[in-house]
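Asker: First the structure, then my questions, so here it is.
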Amino acid sequence: MSWWKRLVFRGRMEAQLDKELRFHIDQHVADLVARGHLPDDAQRLARLALGGPEQVKEDCRDARGTRWLEDLWRDTRYALRTLRQRPAFAAVALLTLALGTGAATVMFTVIHGVLLKPLPYHDPGRLLLLQERTEQATQWGNLWGFTYPNYVDVKRAVRSLAMAVWRYDGGAVSKPGAAEYVDGAQVSSELFSVLGVKIPQGRAFLPDDDRPGAAPVAIISHGLWQRRFAANPEAIGAQIVFDGQTYTVVGIAPAGLRISDLEFDVFVPLGLETSPVMQNREAHAGFRVWARHWPGRVRNWPWSGANSPRSIQNPMPAARSLQILCAPKWAMWARRYGCCWARSRWCS
Amino acid sequence: MASKSELPQGTLDLLILKVAALGPIHGYAIAQRLQQVSRDVVQVPQGSLYPALHRLENRGLLAADWKETETGREAKFYRLTRKGRAQLDNEAASWQRLTEAVSLILRLSEGGAQ
């Protein structure tokens with residue numbers, strides 16, 4: 001008989017156990033009487049020989065192997081009864097459990113989001129966040145996004161990484177339809193390929209789009225495409241006005257694309273930007289540099305040979321002592337929570 | 001009359017299997033049989049007989065059916081399963097080895113171990 005059957009037919013087994021022991025005693029009594037004992041005497045002797053029937057039954061139940069489950073069930077019912085009798089205690093206990101569970105869930109959610117969950121891009125293990133470190137620290141520390149000229153120099157010098165840069169650029173979309181403030185991003189033409197994001201409709205940015213004086217083009221989000229163009233494929237080639245500037249839509253981003261946990265509605269090439277900040281090596285203007293290192297290189301360490309950091313000191317005479325921080329993939333997430341505790345490796 | 005000995009640990013199972021190997025038998029008869037065959041030398045504690053039976057049934061070494069006795073009462077009859085038979089052979093052999101080894105040692109003449 002399998003254990004669950006023994007458990008389900010517990011009542012029947014109890015009855016059988018009782019019957020079996022009763023049979024034993026009756027048989028023994030009959031034998032003793034046959035040998036000349038008085039019935040009462042025989043009854044007593046038989047019971048003595050067997051031992052206390054309850055004790056024997058207990059031992060038999062133990063031998064059954066489902067004892068722990070039966071006890072668990074009994075204990076549970078006892079616990080529930082006790083809790084019902086003392087509602088205040090029960091409430092406090094439940095509250096404590098609820099708070100504890102909640103706190104543990106929150107902790108795990110954060111840890112999962114920051115550390116465990118891979119970035120939602122292709123082969124996230126090879127994505128890196130690059131940062132500059134300056135000698136002086138301000139109240140925000142000494143880690144910065146790149147200045148644009150430094151980015152350009154580093155990108156030229158470091159061959160082992162595919163690098164891309166972007167920065168936040170919110171603004172109003174005022175055509176077609178009513179004006180609406182949206183999250184936008186200025187991105188270098190490599191960003192989508194570095195992340196491994198394919199543009200399902202239309203095309204990604206080309207290097208030619210990503211320079212001063214190029215014809216202004218934009219990639220819009222799936223959401224904006226649905227809101228403003230009713231998901232019409234003819235949106236490709238249409239005009240939108242973003243932040244007062246007219247762009248030609250060349251692509252629709254995949255639905256649900258998030259960058260730094262934001263769902264940008266408009267992407268425009270960073271190279272179109274002509275403001276002085278693009279030439280300023282002293283100011284950190286919110287540029288974020290992401291990179292993908294090639295497979296087959298030194299594990300987790302994109303720098304090697306001619307691409308060692310020493311060799312990129314020279315192309316940047318005007319830079320203050322610049323160091324590049326290669327943070328692992330999840331540091332990008334850590335930023336989202338404003339944490340700076342990300343363990344990092346320095347390329348100095 | 002010789003004084004009764006306690007059963008060595010673990011031998012009760014072996015004895016029960018042996019008795020059950022002779023044919024289906026109920027608990028009381030097992031106790032009687034053990035008592036008779038061991039010529040009242042071995043004390044079979046009736047209180048541990050039933051837990052042992054249930055344990056053996058649980059392990060699949062014994063199977064049990066309810067049947068009528070000659071007196072017309074229903075009793076639980078135990079019989080040896082194939083697995084129980086293998087276990088019995090196994091344990092009997094190892095018991096044999098053990099007792100032979102022990103008696104060999106006990107037969108050593110004193111002063112002869114030089």
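By convention here, the chains of the structure tokens are called A, B, ... in the order presented, each chain's residues are numbered starting at 1, and ligands are numbered starting at 1 in the order presented.
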So that I can check the surroundings of stretch 204-208 of chain A, please list as a list of chain:residue names every protein, DNA and RNA residue that reaches within 8 Å of it, counting only C-alpha atoms and ignoring chain neighbours fewer than 3 positions away.

Answerer: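 Contacts, in chain order: A:Ser189, A:Glu190, A:Phe192, A:Lys198, A:Ile199, A:Arg211, A:Ala214, A:Ile219, A:Val250, A:Gly251, A:Pro269.
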
Asker: Please build the interface table for chain A against chain B with a cut-off of 7 Å, listing for each qualifying residue the nearest atom pair and the distance in Å to one decimal; count only C-alpha atoms, order rows by chain and increasing number, and write it as CSV.

Answerer:
```
residue,atom,partner,partner_atom,distance
A:Glu20,CA,B:Lys76,CA,6.4
A:Phe23,CA,B:Ala75,CA,6.8
A:His24,CA,B:Tyr28,CA,5.2
A:Ala49,CA,B:Gln46,CA,6.5
A:Leu50,CA,B:Gln46,CA,4.9
A:Gly51,CA,B:Gly47,CA,5.5
A:Val56,CA,B:Gly47,CA,5.7
A:Asp59,CA,B:Pro51,CA,5.5
A:Cys60,CA,B:Pro51,CA,4.2
A:Ala63,CA,B:Arg55,CA,4.8
A:Arg64,CA,B:Asn58,CA,6.2
```

Asker: Contacts of B:Glu91 at 12 Å or less, counting only C-alpha atoms, minus same-chain residues fewer than 4 places along, as a tab-separated table (two decimals) with N, CA and C atoms, in the first residue's frame?

Answerer:
```tsv
chain	number	residue	atom	x	y	z
B	10	GLY	N	17.38	-6.53	16.30
B	10	GLY	CA	17.26	-6.78	14.87
B	10	GLY	C	16.92	-8.21	14.49
B	11	THR	N	16.94	-9.12	15.46
B	11	THR	CA	16.66	-10.50	15.09
B	11	THR	C	15.18	-10.79	15.03
B	12	LEU	N	14.37	-9.96	15.66
B	12	LEU	CA	12.93	-10.21	15.64
B	12	LEU	C	12.40	-10.21	14.19
B	13	ASP	N	12.88	-9.25	13.41
B	13	ASP	CA	12.44	-9.20	12.00
B	13	ASP	C	12.78	-10.49	11.28
B	14	LEU	N	14.00	-10.95	11.53
B	14	LEU	CA	14.44	-12.19	10.88
B	14	LEU	C	13.54	-13.36	11.26
B	15	LEU	N	13.25	-13.46	12.55
B	15	LEU	CA	12.41	-14.57	13.02
B	15	LEU	C	11.01	-14.48	12.43
B	16	ILE	N	10.45	-13.29	12.39
B	16	ILE	CA	9.11	-13.13	11.83
B	16	ILE	C	9.09	-13.55	10.37
B	17	LEU	N	10.10	-13.11	9.62
B	17	LEU	CA	10.15	-13.47	8.20
B	17	LEU	C	10.23	-14.99	8.04
B	18	LYS	N	11.02	-15.60	8.90
B	18	LYS	CA	11.19	-17.05	8.82
B	18	LYS	C	9.85	-17.76	9.08
B	84	GLY	N	10.45	-10.10	0.46
B	84	GLY	CA	10.69	-10.60	1.82
B	84	GLY	C	11.52	-11.87	1.79
B	85	ARG	N	11.27	-12.70	0.79
B	85	ARG	CA	12.03	-13.95	0.66
B	85	ARG	C	13.51	-13.63	0.46
B	86	ALA	N	13.79	-12.70	-0.43
B	86	ALA	CA	15.19	-12.33	-0.70
B	86	ALA	C	15.84	-11.80	0.58
B	87	GLN	N	15.09	-10.97	1.28
B	87	GLN	CA	15.60	-10.38	2.51
B	87	GLN	C	15.90	-11.47	3.54
B	95	TRP	N	23.37	-13.93	9.36
B	95	TRP	CA	23.27	-14.39	10.75
B	95	TRP	C	24.14	-15.62	10.95
B	96	GLN	N	24.10	-16.50	9.96
B	96	GLN	CA	24.91	-17.72	10.02
B	96	GLN	C	26.40	-17.35	10.15
B	97	ARG	N	26.81	-16.46	9.28
B	97	ARG	CA	28.22	-16.06	9.31
B	97	ARG	C	28.59	-15.48	10.66
B	98	LEU	N	27.72	-14.65	11.17
B	98	LEU	CA	28.01	-13.96	12.43
B	98	LEU	C	28.14	-14.97	13.57
```

Asker: Looking only at the backbone, which of the residues in stretch 32-279 of chain A does DSSP tag as helix (DSSP H, G or I), as a ChimeraX atom specification?

Answerer: /A:32-34,39-50,53-64,67-85,87-116,124-126,148-157,191-195,207-209,222-229,233-235,270-272,276-279

Asker: Do a neighbour search on stretch 254-264 of chain A at 9 Å with only C-alpha atoms, toss out local chain neighbours closer than 4 positions, and write the hits as a list in words.

Answerer: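 Contacts, with the query itself left out: Pro120, Tyr168, Gly170, Val182, Asp183, Gly184, Ala185, Val197, Lys198, Ile199, Pro200, Gln201, Ile220, Ser221, His222, Gly223, Met332, Trp333, Arg335 and Arg336 of chain A.
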
Asker: Just write the chosen residues, N, CA and C atoms, as a short mmCIF file (atom, residue, chain, number, x, y, z; two decimals), in the first residue's frame.

Answerer:
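The resulting file, result.cif, is reproduced below:
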```cif
data_model
loop_
_atom_site.label_atom_id
_atom_site.label_comp_id
_atom_site.auth_asym_id
_atom_site.auth_seq_id
_atom_site.Cartn_x
_atom_site.Cartn_y
_atom_site.Cartn_z
N PRO A 120 17.68 43.67 -21.16
CA PRO A 120 16.81 43.11 -22.19
C PRO A 120 17.35 43.31 -23.60
N TYR A 168 19.81 62.06 -23.04
CA TYR A 168 18.38 62.36 -22.95
C TYR A 168 18.09 63.69 -23.63
N GLY A 170 14.44 65.38 -24.07
CA GLY A 170 12.98 65.48 -24.12
C GLY A 170 12.54 66.71 -24.90
N VAL A 182 7.28 64.64 -25.00
CA VAL A 182 7.69 63.23 -24.98
C VAL A 182 9.15 63.11 -24.55
N ASP A 183 9.50 61.90 -24.11
CA ASP A 183 10.90 61.60 -23.84
C ASP A 183 11.59 61.31 -25.16
N GLY A 184 12.70 61.99 -25.38
CA GLY A 184 13.44 61.75 -26.61
C GLY A 184 14.90 61.49 -26.28
N ALA A 185 15.63 61.00 -27.24
CA ALA A 185 17.05 60.73 -27.02
C ALA A 185 17.82 61.09 -28.27
N VAL A 197 19.63 45.92 -31.09
CA VAL A 197 18.20 46.16 -31.34
C VAL A 197 17.98 46.31 -32.84
N LYS A 198 17.06 45.53 -33.37
CA LYS A 198 16.76 45.63 -34.80
C LYS A 198 15.57 46.56 -34.98
N ILE A 199 15.63 47.39 -36.00
CA ILE A 199 14.51 48.27 -36.30
C ILE A 199 13.58 47.50 -37.22
N PRO A 200 12.39 47.14 -36.73
CA PRO A 200 11.53 46.23 -37.51
C PRO A 200 10.97 46.88 -38.76
N GLN A 201 10.74 48.18 -38.73
CA GLN A 201 10.19 48.85 -39.92
C GLN A 201 11.03 50.06 -40.22
N ILE A 220 10.94 56.78 -34.52
CA ILE A 220 9.92 57.01 -33.49
C ILE A 220 9.55 55.67 -32.84
N SER A 221 8.99 55.79 -31.66
CA SER A 221 8.64 54.58 -30.92
C SER A 221 7.40 53.93 -31.52
N HIS A 222 7.24 52.68 -31.20
CA HIS A 222 6.06 51.95 -31.61
C HIS A 222 4.80 52.65 -31.09
N GLY A 223 4.90 53.13 -29.82
CA GLY A 223 3.76 53.79 -29.20
C GLY A 223 3.38 55.07 -29.93
N MET A 332 24.48 49.46 -15.48
CA MET A 332 23.51 50.31 -16.18
C MET A 332 22.21 50.35 -15.42
N TRP A 333 21.86 49.22 -14.88
CA TRP A 333 20.64 49.17 -14.07
C TRP A 333 20.83 49.89 -12.75
N ARG A 335 22.43 52.40 -12.12
CA ARG A 335 22.25 53.83 -12.31
C ARG A 335 20.80 54.22 -12.09
N ARG A 336 19.95 53.36 -12.52
CA ARG A 336 18.53 53.63 -12.47
C ARG A 336 18.08 53.86 -11.03
#
```

Asker: In Å, rounded to a single decimal, give me how far atom CA of A:Leu195 is from atom CA of A:Pro176.

Answerer: 29.5 Å

Asker: Check the smallest atom-to-atom distance from each of A:Trp225, A:Trp140, A:Phe146, A:Phe287 to A:Gln186 using only C-alpha atoms, then report the winner.

Answerer: A:Phe287
